[in-house]
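Take a look at the structure set out below.
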Amino acid sequence: MATETNAADAAQGAAAPGMPQLDFSNWDHQIFWLMVTLVVIYFVLSRIALPRIAAVLAERQGTITNDIAAADELKAKAVEAEEAYNKALADARAEAQRIISEAKAEIQTELDEATAKADAEIAEKTAEGEKKIAEIQASAMESVQVVAKDTAAEIVAALGGKADAKTVNAAVANRMKG
Amino acid sequence: MATEKGAEEGGLVFHPMDQFIVKPLFGDGPVGLFTITNVTLWMALAIAAVAALMILGTSRRAVIPSRTQSVAELAYGFIYKMVEDVAGKDALAFFPYIMTLFMFIVFANFLGLVPMAFTTTSHFAVTVVLALLVFVTVTIVGFVKNGAKFLGLFWVSSAPLALRPILAIIEIISYFVRPVSHSIRLAGNVMAGHAVIKVFAGFAAIAVVSPVSVVAITAMYGLEVLVSFIQAYVFTILTCVYLKDALHPSH
């Protein structure tokens with residue numbers, strides 16, 4: 001039993017410190033399977049995988065180039081649109097300015113007209129008033145003359161004189177003048 | 001012997017290299033050329049993973065990619081750009097070949113990180129073949145494209161004439177050391193990381209140490225994820241550098 005274990009240990013001990021890598025008896029085996037593996041991987045890569053990936057990468061490059069061109073085009077369009085917008089904005093501003101000044105001028109004319117009309121009305125009213133005042137003055141003068149003549153004639157009569165209408169009139173007129 | 005046995009019963013059993021043993025999947029017989037072993041299984045899984053990412057992932061050929069397709073395109077762009085930048089435009093003919101190397105190494109490395117997995121790239125048999133494939137390809141391409149001018153790679157024309165023979169010897173040695181360093185770098189990194197994780201796991205048998213051990217394994221695992229990618233990257237970019245030497249040998 002003991003010797004058996006020892007023998008097994010010895011066998012293990014012989015295998016363990018040595019490198020299995022330097023056991024040349026299985027090199028032919030490893031090299032054979034390595035060559036098989038390399039050939040298979042080579043054909044898998046060169047026949048299927050690499051052309052496929054190259055095609056995908058080329059396609060992607062093409063797509064990216066196209067997309068960049070499209071993006072440039074859109075960018076130019078956007079710049080154009082912005083210019084148009086700015087131009088429209090400037091036009092609208094100028095138009096608004098024009099409308100404002102027109103409206104101002106119109107309002108000014110209307111105002112002037114209304115002022116002139118009001119002035120004319122005021123002048124008319126004034127003239128009318130003056131005329132009325134003149135009329136009233138004239139009629140007052142007349143009344144004063146009549147009253148003065150009557151009064152004078154009465155006074156003369158009361159004083160015992162004989163009132164001569166012509167003389168009275170002349171005296172009143174003379175007085176009134178001055 | 002008794003003390004040794006006692007130590008083992010105490011729980012400290014280290015077999016960090018057992019994970020690299022090539023075993024038949026069915027039966028216990030010797031490993032022949034066509035035997036189905038764990039090597040076969042994990043290489044087949046690598047093929048399946050590459051196919052799943054690169055074929056199933058891109059099957060919709062979407063202009064706006066899904067997540068899997070994005071990863072596939074990322075891998076494609078990563079290697080394509082590397083070949084173009086490092087080795088030049090005329091090296092793009094070798095792009096499928098370099099892509100094959102990269103995809104195999106990166107997937108073999110990552111699949112090796114699955115617990116209980118067998119890591120095919122931890123074996124020198126695999127990495128030596130990969131490195132020799134690159135070495136032979138580069139040498140043949142160098143001579144075919146440039147003829148005898150390819151030997152100018154070893155004749156440093158910018159150095160003083162007296163130094164040139166010495167430099168030529170150094171250059172030739174470094175040229176032939178390339179496949180050695182190329183292969184040992186990959187297998188060594190992968191193997192060392194996995195072995196260290198196994199050693200930490202062995203310490204976990206001691207109850208007091210086990211929390212530390214778990215933390216250490218977690219940290220190593222994170223490092224190994226990095227190493228898996230970086231080694232695949234390094235292998236690929238060195239391939240590109242060697243290819244550049246073959247296509248444009250002038251110093």
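FYI, nothing fancy with the structure tokens labels: chains A, B, ... in order, residues from 1 per chain, ligands from 1 as they appear.
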
Restrict the calculation to only C-alpha atoms, then for each residue of chain A with any atom at most 10 Å from an atom of chain B give the closest atom pair and their distance in Å to one decimal, rows by chain and rising residue number, as CSV.
residue,atom,partner,partner_atom,distance
A:Thr5,CA,B:Lys5,CA,9.4
A:Asn6,CA,B:Met1,CA,8.2
A:Asp9,CA,B:Lys5,CA,8.8
A:Gln12,CA,B:His15,CA,8.6
A:Gly13,CA,B:His15,CA,8.7
A:Ala15,CA,B:Asp18,CA,7.8
A:Ala16,CA,B:His15,CA,5.5
A:Pro17,CA,B:Met17,CA,7.3
A:Gly18,CA,B:Met17,CA,7.7
A:Met19,CA,B:Met17,CA,6.5
A:Pro20,CA,B:Ile21,CA,5.4
A:Gln21,CA,B:His123,CA,5.2
A:Leu22,CA,B:Phe124,CA,7.7
A:Asp23,CA,B:Ile21,CA,9.1
A:Phe24,CA,B:Ala125,CA,8.2
A:Ser25,CA,B:Val31,CA,8.1
A:Asn26,CA,B:Val31,CA,6.3
A:Trp27,CA,B:Ala125,CA,5.5
A:Asp28,CA,B:Leu33,CA,6.1
A:His29,CA,B:Leu33,CA,4.3
A:Gln30,CA,B:Ala125,CA,6.5
A:Ile31,CA,B:Val126,CA,6.3
A:Phe32,CA,B:Leu33,CA,6.9
A:Trp33,CA,B:Thr40,CA,6.2
A:Leu34,CA,B:Val126,CA,6.6
A:Met35,CA,B:Val129,CA,8.7
A:Val36,CA,B:Met43,CA,9.1
A:Thr37,CA,B:Met43,CA,6.3
A:Leu38,CA,B:Thr100,CA,6.9
A:Val39,CA,B:Thr100,CA,8.7
A:Val40,CA,B:Ile47,CA,7.3
A:Ile41,CA,B:Thr100,CA,6.1
A:Tyr42,CA,B:Thr100,CA,5.4
A:Phe43,CA,B:Thr100,CA,9.0
A:Val44,CA,B:Ala51,CA,6.9
A:Leu45,CA,B:Pro96,CA,6.7
A:Ser46,CA,B:Pro96,CA,5.6
A:Arg47,CA,B:Pro96,CA,9.4
A:Ile48,CA,B:Ile55,CA,7.1
A:Ala49,CA,B:Met54,CA,5.4
A:Leu50,CA,B:Tyr76,CA,7.5
A:Pro51,CA,B:Pro96,CA,9.9
A:Arg52,CA,B:Arg61,CA,7.4
A:Ile53,CA,B:Glu73,CA,6.5
A:Ala54,CA,B:Tyr76,CA,8.5
A:Ala55,CA,B:Arg61,CA,8.4
A:Val56,CA,B:Arg61,CA,6.0
A:Leu57,CA,B:Val63,CA,7.8
A:Ala58,CA,B:Val63,CA,9.5
A:Glu59,CA,B:Val63,CA,7.0
A:Arg60,CA,B:Val63,CA,5.5
A:Gln61,CA,B:Val63,CA,9.2
A:Thr63,CA,B:Val63,CA,8.2
A:Ile64,CA,B:Val63,CA,9.9

Original post:
Any idea what's packed within 12 Å of region 215-219 of chain B, counting only C-alpha atoms, ignoring anything in its chain fewer than 2 positions away? Could you give it as a PyMOL selection string?
Top reply: chain B and resi 113+115+193-204+209-213+221-226

**OP:** Run DSSP on the backbone of this structure and report the residues of region 11-248 of chain B it assigns to alpha helix (DSSP H), as a PyMOL selection string.
**Re:** chain B and resi 38-51+67-82+95-112+124-146+164-203+210-247
